[in-house]
Amino acid sequence: STGLREHKFGIPISQVEDVYERAKSLRNIDPAGVSCHIGSQLLETAPLLEALDALLVLVDQLSSRGIAVRHLDVGGGLGVPYKADQKSPCPTEYAGCVRERVAGRDLEIMLEPGRSIVAEAGVLLSRVLYRKQTGGKEFVIVDAAMNDMLRPALYSAHHEIIPLRQKGFGTIHADVVGPVCETGDFLAREREIANVFPGDLVAICTAGAYGFVSASNYNARPRPAEVLVENDGWRVTRERETYEDLIRGESL
Ligand SMILES: Cc1ncc(COP(=O)(O)O)c(C=O)c1O
């Protein structure tokens with residue numbers, strides 16, 4: 001939704017020529033590039049390629065006004081499969097389509113993929129604390145919360161949640177929630193998940209993008225450790241935070 005008209009980002013393409021004319025008239029500004037980012041988590045490349053086509057028309061329009069664009073930044077946006085039935089676009093195919101469209105032009109092309117590089121490389125591990133039935137619903141309370149993984153609370157993002165050990169006890173229909181004192185503290189709602197019990201470890205999948213970086217200390221919760229798994233080994237790349245970390249820098 002980054003590129004929707006009603007949102008704060010960018011400037012409408014209809015205003016670009018005037019803005020670049022103004023930039024050209026300024027002594028210390030060289031309007032050398034055009035940059036766009038239409039949105040994130042796109043599972044089809046068609047909108048990205050449509051945007052590129054529009055940018056190329058714009059580059060030609062600017063060129064006819066004596067503004068030579070030398071850099072074209074087409075932004076990020078390639079999606080990843082958060083759900084088992086989703087299929088993500090192939091970066092190589094996308095690059096091929098971009099290449100085809102810009103062939104023969106004297107343009108440096110930049111791409112800014114974020115999520116598609118790292119999302120699938122990360123999982124958030126969490127331990128089941130309790131099970132609770134209330135209001136006719138089943139809740140699985142885990143030790144990770146909205147402060148560790150904000151995406152579900154922020155925009156109802158879907159992350160698959162799977163047990164580390166499949167014990168074959170069937171499935172349950174439940175909300176998976178954290179221990180933070182907010183109704184919005186959930187990792188999954190109304191989800192069919194494995195029948196897990198206190199002590200079990202679960203993986204909150206596809207957590208490598210916009211995951212840890214959005215973690216906070218809300219509710220005085222130290223952030224978890226980050227661990228890099230490489231071949232058969234692993235190492236801690238960020239220490240688990242402690243209570244001392246929470247109060248460091250504070251004084252009365
Ligand atoms: C300007 C810009 N470029 C690139 C990205 C990365 O997007 P994505 O992770 O969807 O590839 C973002 C994300 O919001 C962005 O705002």
# chains A, B, ... in the order shown; residues from 1 in each chain; ligands from 1
$ residues_near_ligand --ligand "ligand 1" --cutoff "9 Å" --atoms "only C-alpha atoms and all ligand atoms" --output "PyMOL selection string"
chain A and resi 2+9+35-42+73-79+111-119+209-210
$ residues_around --residues "Gln86 (chain A)" --least-positions-apart "2" --cutoff "12 Å" --atoms "only C-alpha atoms" --output "list in words"
Gln41, Leu42, Leu43, Glu44, Gly79, Val80, Pro81, Tyr82, Lys83, Ala84, Ser88, Pro89, His158 and Glu160 of chain A
$ atom_distance --atom1 "CA of Leu201 (chain A)" --atom2 "CA of Lys132 (chain A)"
17.1 Å
$ residues_around --residues "Val142 (chain A)" --least-positions-apart "5" --cutoff "9 Å" --atoms "only C-alpha atoms" --output "PyMOL selection string"
chain A and resi 126-131+176-179+198+201-202
$ closest_residue --among "A:Ile67, A:Ala121, A:Ala174, A:Ala225" --to "Ile29 (chain A)" --atoms "only C-alpha atoms"
A:Ile67
$ select_by_dssp --residues "region 75-205 of chain A" --states "strand (DSSP E)" --output "ChimeraX atom specification"
/A:108-110,124-134,137-142,161-163,171-177,186-194,201-204
$ residues_around --residues "region 234-243 of chain A" --least-positions-apart "2" --cutoff "7 Å" --atoms "only C-alpha atoms" --output "PyMOL selection string"
chain A and resi 222-230+245-247
$ closest_residue --among "A:Leu252, A:Ala95, A:Ala68, A:Val196" --to "Gln166 (chain A)" --atoms "only C-alpha atoms"
A:Val196
$ residues_around --residues "Arg151 (chain A)" --least-positions-apart "3" --cutoff "9 Å" --atoms "only C-alpha atoms" --output "MDAnalysis selection string"
chainID A and resid 146 154:159 187 210:211 214
$ write_last_selection --atoms "all heavy atoms" --output "compact mmCIF listing (two decimals), in the first residue's frame"
# COMPACT_ATOMS: atom_id res chain seq x y z
N MET A 146 3.89 -9.39 20.83
CA MET A 146 3.88 -8.34 19.81
C MET A 146 5.14 -7.48 19.84
O MET A 146 5.51 -6.90 18.82
CB MET A 146 2.65 -7.44 19.98
CG MET A 146 2.63 -6.70 21.29
SD MET A 146 1.12 -5.76 21.58
CE MET A 146 1.25 -4.45 20.41
N LEU A 154 0.34 -5.24 13.93
CA LEU A 154 0.38 -3.99 13.17
C LEU A 154 -0.54 -4.02 11.96
O LEU A 154 -1.25 -3.06 11.69
CB LEU A 154 1.83 -3.73 12.72
CG LEU A 154 2.15 -2.37 12.14
CD1 LEU A 154 1.88 -1.26 13.15
CD2 LEU A 154 3.63 -2.31 11.71
N TYR A 155 -0.50 -5.13 11.21
CA TYR A 155 -1.39 -5.19 10.05
C TYR A 155 -1.91 -6.60 9.78
O TYR A 155 -2.00 -7.03 8.64
CB TYR A 155 -0.76 -4.58 8.78
CG TYR A 155 0.73 -4.62 8.66
CD1 TYR A 155 1.44 -5.81 8.60
CD2 TYR A 155 1.44 -3.42 8.59
CE1 TYR A 155 2.82 -5.82 8.47
CE2 TYR A 155 2.83 -3.43 8.46
CZ TYR A 155 3.50 -4.62 8.40
OH TYR A 155 4.87 -4.62 8.26
N SER A 156 -2.24 -7.28 10.84
CA SER A 156 -2.83 -8.62 10.74
C SER A 156 -2.05 -9.53 9.80
O SER A 156 -2.64 -10.35 9.09
CB SER A 156 -4.29 -8.54 10.27
OG SER A 156 -5.05 -7.84 11.21
N ALA A 157 -0.74 -9.38 9.79
CA ALA A 157 0.09 -10.20 8.90
C ALA A 157 -0.01 -11.67 9.29
O ALA A 157 -0.15 -12.01 10.47
CB ALA A 157 1.53 -9.74 8.98
N HIS A 158 0.07 -12.52 8.29
CA HIS A 158 -0.02 -13.96 8.51
C HIS A 158 1.39 -14.56 8.56
O HIS A 158 2.18 -14.36 7.65
CB HIS A 158 -0.81 -14.60 7.36
CG HIS A 158 -0.96 -16.08 7.50
ND1 HIS A 158 -2.15 -16.68 7.86
CD2 HIS A 158 -0.07 -17.08 7.35
CE1 HIS A 158 -1.98 -18.00 7.90
NE2 HIS A 158 -0.72 -18.26 7.59
N HIS A 159 1.68 -15.29 9.63
CA HIS A 159 2.91 -16.08 9.70
C HIS A 159 2.50 -17.50 10.07
O HIS A 159 1.76 -17.69 11.05
CB HIS A 159 3.86 -15.54 10.77
CG HIS A 159 4.49 -14.24 10.40
ND1 HIS A 159 5.72 -14.16 9.78
CD2 HIS A 159 4.06 -12.97 10.52
CE1 HIS A 159 6.02 -12.90 9.55
NE2 HIS A 159 5.03 -12.15 9.98
N LEU A 187 -0.16 -13.47 17.64
CA LEU A 187 0.72 -13.90 16.55
C LEU A 187 -0.08 -14.62 15.48
O LEU A 187 0.35 -14.71 14.33
CB LEU A 187 1.85 -14.78 17.09
CG LEU A 187 2.76 -14.05 18.09
CD1 LEU A 187 3.59 -15.02 18.90
CD2 LEU A 187 3.64 -13.04 17.39
N TYR A 210 11.37 -7.42 8.46
CA TYR A 210 10.47 -6.58 9.25
C TYR A 210 10.06 -7.30 10.54
O TYR A 210 8.95 -7.10 11.05
CB TYR A 210 9.23 -6.17 8.42
CG TYR A 210 9.60 -5.58 7.07
CD1 TYR A 210 9.37 -6.27 5.90
CD2 TYR A 210 10.20 -4.33 7.00
CE1 TYR A 210 9.74 -5.73 4.66
CE2 TYR A 210 10.57 -3.80 5.77
CZ TYR A 210 10.34 -4.49 4.61
OH TYR A 210 10.72 -3.95 3.41
N GLY A 211 10.92 -8.16 11.03
CA GLY A 211 10.63 -8.93 12.24
C GLY A 211 11.40 -8.35 13.41
O GLY A 211 10.92 -7.44 14.11
N SER A 214 11.65 -4.68 14.05
CA SER A 214 10.50 -3.94 14.60
C SER A 214 10.26 -4.33 16.06
O SER A 214 9.27 -3.92 16.66
CB SER A 214 9.24 -4.19 13.75
OG SER A 214 8.83 -5.53 13.89
$ residues_around --residues "Val69 (chain A)" --least-positions-apart "3" --cutoff "7 Å" --atoms "only C-alpha atoms" --output "ChimeraX atom specification"
/A:32-34,59
$ select_by_dssp --residues "region 21-217 of chain A" --states "helix (DSSP H, G or I)" --output "ChimeraX atom specification"
/A:21-25,46-64,91-102,115-121,151-155,212-214
$ closest_residue --among "A:Glu138, A:Glu190, A:Asp85, A:Asp53" --to "Glu100 (chain A)" --atoms "only C-alpha atoms"
A:Asp53
